[in-house]
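J.: One file: entry-v7.csv (CSV, C-alpha atoms).
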chain,number,residue,atom,x,y,z
A,403,MET,CA,22.0,-40.7,-139.7
A,404,GLU,CA,18.8,-40.3,-141.6
A,405,GLU,CA,18.5,-36.7,-140.5
A,406,PHE,CA,21.9,-35.9,-142.0
A,407,GLU,CA,21.1,-37.8,-145.2
A,408,ALA,CA,17.9,-35.8,-145.5
A,409,LYS,CA,19.7,-32.6,-144.8
A,410,ALA,CA,22.2,-33.3,-147.6
A,411,ALA,CA,19.5,-34.2,-150.0
A,412,LYS,CA,17.7,-30.9,-149.2
A,413,TYR,CA,20.9,-28.9,-149.8
A,414,PHE,CA,21.4,-30.7,-153.1
A,415,GLN,CA,17.8,-30.5,-154.4
A,416,LYS,CA,16.5,-27.1,-153.2
A,417,ARG,CA,16.4,-24.8,-156.2
A,418,PRO,CA,16.8,-21.1,-155.3
A,419,TYR,CA,14.3,-18.5,-156.5
A,420,ASN,CA,16.6,-17.4,-159.3
A,421,PHE,CA,17.2,-20.9,-160.8
A,422,PRO,CA,18.9,-21.6,-163.2
A,423,GLN,CA,21.3,-18.7,-162.6
A,424,GLY,CA,21.3,-19.7,-159.0
A,425,ARG,CA,21.6,-23.4,-158.5
A,426,PRO,CA,21.1,-25.8,-155.7
A,427,TYR,CA,24.2,-26.6,-153.8
A,428,ASN,CA,26.3,-29.0,-155.8
A,429,CYS,CA,27.2,-32.5,-154.6
A,430,CYS,CA,30.4,-31.5,-153.0
A,431,GLU,CA,28.9,-28.4,-151.3
A,432,SER,CA,26.0,-30.4,-150.0
A,433,VAL,CA,28.1,-33.2,-148.6
A,434,LEU,CA,30.6,-30.9,-147.0
A,435,LEU,CA,27.9,-28.6,-145.5
A,436,THR,CA,26.2,-31.6,-143.9
A,437,LEU,CA,29.3,-33.2,-142.6
A,438,ALA,CA,30.7,-30.0,-141.3
A,439,GLU,CA,27.5,-29.5,-139.4
A,440,TYR,CA,27.8,-33.1,-138.1
A,441,LEU,CA,31.3,-32.3,-136.9
A,442,GLY,CA,30.3,-29.0,-135.4
A,443,VAL,CA,32.7,-27.1,-137.7
A,444,LYS,CA,31.6,-23.6,-138.5
A,445,SER,CA,33.5,-21.6,-141.1
A,446,ASP,CA,32.6,-19.1,-143.7
A,447,LEU,CA,34.8,-21.1,-146.0
A,448,ILE,CA,32.2,-23.8,-146.1
A,449,PRO,CA,30.7,-24.2,-148.7
A,450,ARG,CA,32.9,-21.8,-150.6
A,451,ILE,CA,35.8,-24.2,-150.8
A,452,ALA,CA,33.6,-26.8,-152.4
A,453,THR,CA,31.9,-24.7,-155.1
A,454,GLY,CA,34.4,-25.5,-157.9
A,455,ILE,CA,34.5,-29.1,-157.1
A,456,GLY,CA,30.9,-30.3,-157.8
A,457,ALA,CA,30.1,-32.4,-160.8
A,458,GLY,CA,33.6,-33.7,-161.2
A,459,PHE,CA,35.4,-30.4,-160.8
A,460,SER,CA,33.3,-27.7,-162.4
A,461,LEU,CA,31.3,-30.0,-164.6
A,462,ASN,CA,34.4,-31.7,-166.1
A,463,GLY,CA,33.2,-35.2,-165.1
A,464,LEU,CA,36.2,-36.1,-162.9
A,465,ILE,CA,36.0,-37.3,-159.3
A,466,CYS,CA,32.4,-37.3,-158.0
A,467,GLY,CA,31.9,-34.2,-155.9
A,468,SER,CA,30.2,-36.4,-153.2
A,469,ILE,CA,33.5,-38.2,-152.8
A,470,SER,CA,35.4,-34.9,-152.7
A,471,GLY,CA,33.1,-33.4,-150.0
A,472,ALA,CA,33.4,-36.5,-147.9
A,473,ILE,CA,37.2,-36.4,-148.2
A,474,MET,CA,37.3,-32.8,-147.2
A,475,ALA,CA,35.2,-33.6,-144.1
A,476,ILE,CA,37.5,-36.6,-143.2
A,477,GLY,CA,40.4,-34.1,-143.5
A,478,LEU,CA,38.6,-31.7,-141.2
A,479,LYS,CA,38.6,-34.3,-138.5
A,480,TYR,CA,41.7,-36.4,-139.2
A,481,GLY,CA,43.9,-34.1,-141.4
A,482,ARG,CA,47.3,-32.8,-140.4
A,483,ARG,CA,47.9,-29.5,-138.8
A,484,SER,CA,51.6,-29.4,-139.9
A,485,ASN,CA,53.8,-31.1,-142.3
A,486,GLU,CA,55.6,-32.8,-139.4
A,487,GLU,CA,52.5,-35.0,-138.8
A,488,ASN,CA,52.0,-38.3,-140.5
A,489,PRO,CA,49.2,-38.3,-143.0
A,490,GLN,CA,48.7,-42.1,-143.0
A,491,ILE,CA,45.6,-42.2,-140.8
A,492,THR,CA,43.8,-39.7,-143.1
A,493,TRP,CA,44.9,-41.6,-146.2
A,494,ARG,CA,43.7,-44.9,-144.8
A,495,LYS,CA,40.3,-43.5,-144.0
A,496,VAL,CA,40.0,-41.8,-147.4
A,497,ASP,CA,41.1,-45.0,-149.2
A,498,ARG,CA,38.4,-46.9,-147.3
A,499,PHE,CA,35.7,-44.3,-148.2
A,500,ILE,CA,36.7,-44.4,-151.9
A,501,GLU,CA,36.6,-48.2,-152.0
A,502,VAL,CA,33.2,-48.4,-150.4
A,503,PHE,CA,31.9,-45.8,-152.8
A,504,ARG,CA,33.4,-47.6,-155.8
A,505,LYS,CA,32.0,-50.9,-154.7
A,506,ARG,CA,28.5,-49.5,-154.2
A,507,TRP,CA,28.3,-47.4,-157.4
A,508,GLY,CA,30.8,-49.1,-159.8
A,509,ALA,CA,32.8,-45.9,-160.5
A,510,ILE,CA,34.1,-42.8,-158.9
A,511,THR,CA,34.0,-40.2,-161.7
A,512,CYS,CA,31.0,-38.1,-162.4
A,513,ARG,CA,31.1,-38.8,-166.1
A,514,LYS,CA,31.0,-42.6,-165.6
A,515,LEU,CA,28.4,-42.3,-162.8
A,516,THR,CA,26.0,-40.1,-164.9
A,517,GLY,CA,27.0,-41.2,-168.4
A,518,LEU,CA,26.7,-37.5,-169.4
A,519,ASN,CA,28.9,-34.7,-170.5
A,520,LEU,CA,27.7,-31.8,-168.2
A,521,LYS,CA,29.6,-29.3,-170.2
A,522,THR,CA,27.1,-29.6,-173.0
A,523,ALA,CA,23.6,-28.0,-173.0
A,524,GLU,CA,22.0,-31.4,-173.9
A,525,GLY,CA,24.0,-33.2,-171.2
A,526,MET,CA,23.0,-30.7,-168.6
A,527,LYS,CA,19.3,-30.8,-169.7
A,528,ILE,CA,19.2,-34.6,-169.3
A,529,TYR,CA,21.1,-34.4,-166.0
A,530,LEU,CA,18.6,-31.9,-164.5
A,531,GLN,CA,15.6,-33.9,-165.8
A,532,LYS,CA,16.6,-37.4,-165.1
A,533,VAL,CA,19.7,-37.7,-162.9
A,534,HIS,CA,20.2,-34.9,-160.4
A,535,ASP,CA,17.2,-35.5,-158.2
A,536,TYR,CA,17.4,-39.2,-158.4
A,537,ALA,CA,20.7,-41.1,-158.8
A,538,CYS,CA,22.9,-38.2,-157.8
A,539,THR,CA,20.8,-37.5,-154.7
A,540,GLU,CA,21.2,-41.1,-153.7
A,541,ARG,CA,25.0,-40.8,-154.1
A,542,VAL,CA,25.0,-37.7,-151.9
A,543,LYS,CA,23.1,-39.4,-149.2
A,544,PHE,CA,25.3,-42.5,-149.4
A,545,ALA,CA,28.5,-40.3,-149.2
A,546,VAL,CA,27.1,-38.7,-146.0
A,547,ARG,CA,26.2,-42.0,-144.4
A,548,LYS,CA,29.5,-43.7,-145.1
A,549,ALA,CA,31.5,-40.6,-144.2
A,550,ILE,CA,29.6,-40.4,-140.8
A,551,GLU,CA,30.5,-44.0,-140.2
A,552,ILE,CA,34.2,-43.2,-140.7
A,553,LEU,CA,34.0,-39.9,-138.8
A,554,SER,CA,32.3,-41.7,-135.9
A,555,GLU,CA,35.3,-44.0,-135.3
Kindly return the structure encoded in the file as structure tokens.
T.:
Amino acid sequence: MEEFEAKAAKYFQKRPYNFPQGRPYNCCESVLLTLAEYLGVKSDLIPRIATGIGAGFSLNGLICGSISGAIMAIGLKYGRRSNEENPQITWRKVDRFIEVFRKRWGAITCRKLTGLNLKTAEGMKIYLQKVHDYACTERVKFAVRKAIEILSE
């Protein structure tokens, strides 16, 4: 478990050589990359499908990207392959994940979790200085840990 938490934190924190143009993987990408590896899923769509979802959907402060990445991974394992299949098992697992996340962090939206508007220069500056490598990294690790618990069932 700790190995996967550390891997997710590394994805999330490692700044590329061309930072700030290039950025570390966002929360959704980091969680999804880690959990896909845990599941043994290899696809060139990962992390691409998660790029626009980080920081509450493209910095809009909506659902935390850590939650979104975990939900995508739950879908990779338990999701439907056709519309004739019942989605209830996936929904129950996702509901449980969201409830555990909300209970631990008190919110599920990026804006409430960070207290910042990441669409502004000032909000992004504060985020990168005081939130990204600290509170958000802990949320990324938590999401990976709790998702692995659900994925291990």
J.: Work out how far apart CA of Trp493 in chain A and CA of Val542 in chain A are and give it in Å to one decimal.
T.: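 We find that CA of Trp493 in chain A and CA of Val542 in chain A lie 21.1 Å from each other.
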J.: In Å, how far is it from CA of Asn519 in chain A to CA of Phe503 in chain A?
T.: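 CA of Phe503 in chain A lies 21.1 Å from CA of Asn519 in chain A.
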J.: Under the rule that only C-alpha atoms are counted, which of A:Glu405, A:Ile451, A:Ala545, A:Ser460 is the nearest residue to Arg506 in chain A?
T.: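 The closest residue to Arg506 in chain A is A:Ala545.
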J.: Rounded to one decimal, what separation in Å do you get between CA of Gly467 in chain A and CA of Tyr480 in chain A?
T.: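 CA of Gly467 in chain A sits 19.5 Å away from CA of Tyr480 in chain A.
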J.: My list of candidates is A:Leu515, A:Leu530, A:Ile550, A:Ala537. Which is closest to Gly463 in chain A when distances are computed with only C-alpha atoms?
T.: A:Leu515
J.: Rank A:Arg450, A:Asn488, A:Cys430, A:Leu461 by their smallest atom-to-atom distance to Leu520 in chain A, using all atoms listed in the file, and report the top residue only.
T.: A:Leu461
J.: Set the distance at 8 Å and use all atoms listed in the file: which residues neighbour Leu434 in chain A once local chain neighbours fewer than 6 positions away are removed? I'd like the list as a ChimeraX atom specification.
T.: /A:448-449,452,471-472,474-475
J.: Given all atoms listed in the file as the basis, pick out the residue of A:Thr516, A:Phe414, A:Ala549, A:Phe499 nearest to Lys479 in chain A.
T.: A:Ala549
J.: For a quick check of understanding, using all atoms listed in the file, which of A:Ile455, A:Ile469, A:Ala411, A:Ile476 has the smallest distance to Val443 in chain A?
T.: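 Closest to Val443 in chain A, using all atoms listed in the file: A:Ile476.
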J.: Show me, as JSON, the centre and edge lengths in Å to one decimal of the axis-aligned box that covers every listed atom of range 452-458 of chain A with 6 Å on each side.
T.:
{"center_x": 32.3, "center_y": -29.2, "center_z": -156.8, "size_x": 16.4, "size_y": 21.0, "size_z": 20.8}
J.: Find, counting all atoms listed in the file, the residue in A:Ser432, A:Lys444, A:Ala408, A:Ile552 that gets nearest to Thr492 in chain A.
T.: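 When distances to Thr492 in chain A are compared using all atoms listed in the file, the smallest one comes from A:Ile552.
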J.: Show me the residues around (25.3, -40.5, -157.6) - criterion: an atom at most 12 Å away, all atoms listed in the file counted - as a PyMOL selection string.
T.: chain A and resi 411+414+428-430+433+456-458+465-469+503-504+506-517+529+532-546
J.: Contacts of Lys412 in chain A at 10 Å or less, counting only C-alpha atoms, minus same-chain residues fewer than 3 places along, as a list in words?
T.: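 Close residues of Lys412 in chain A: Phe406, Glu407, Ala408, Lys409, Gln415, Lys416, Arg417, Pro426, Tyr427, Ser432 and Thr539 of chain A.
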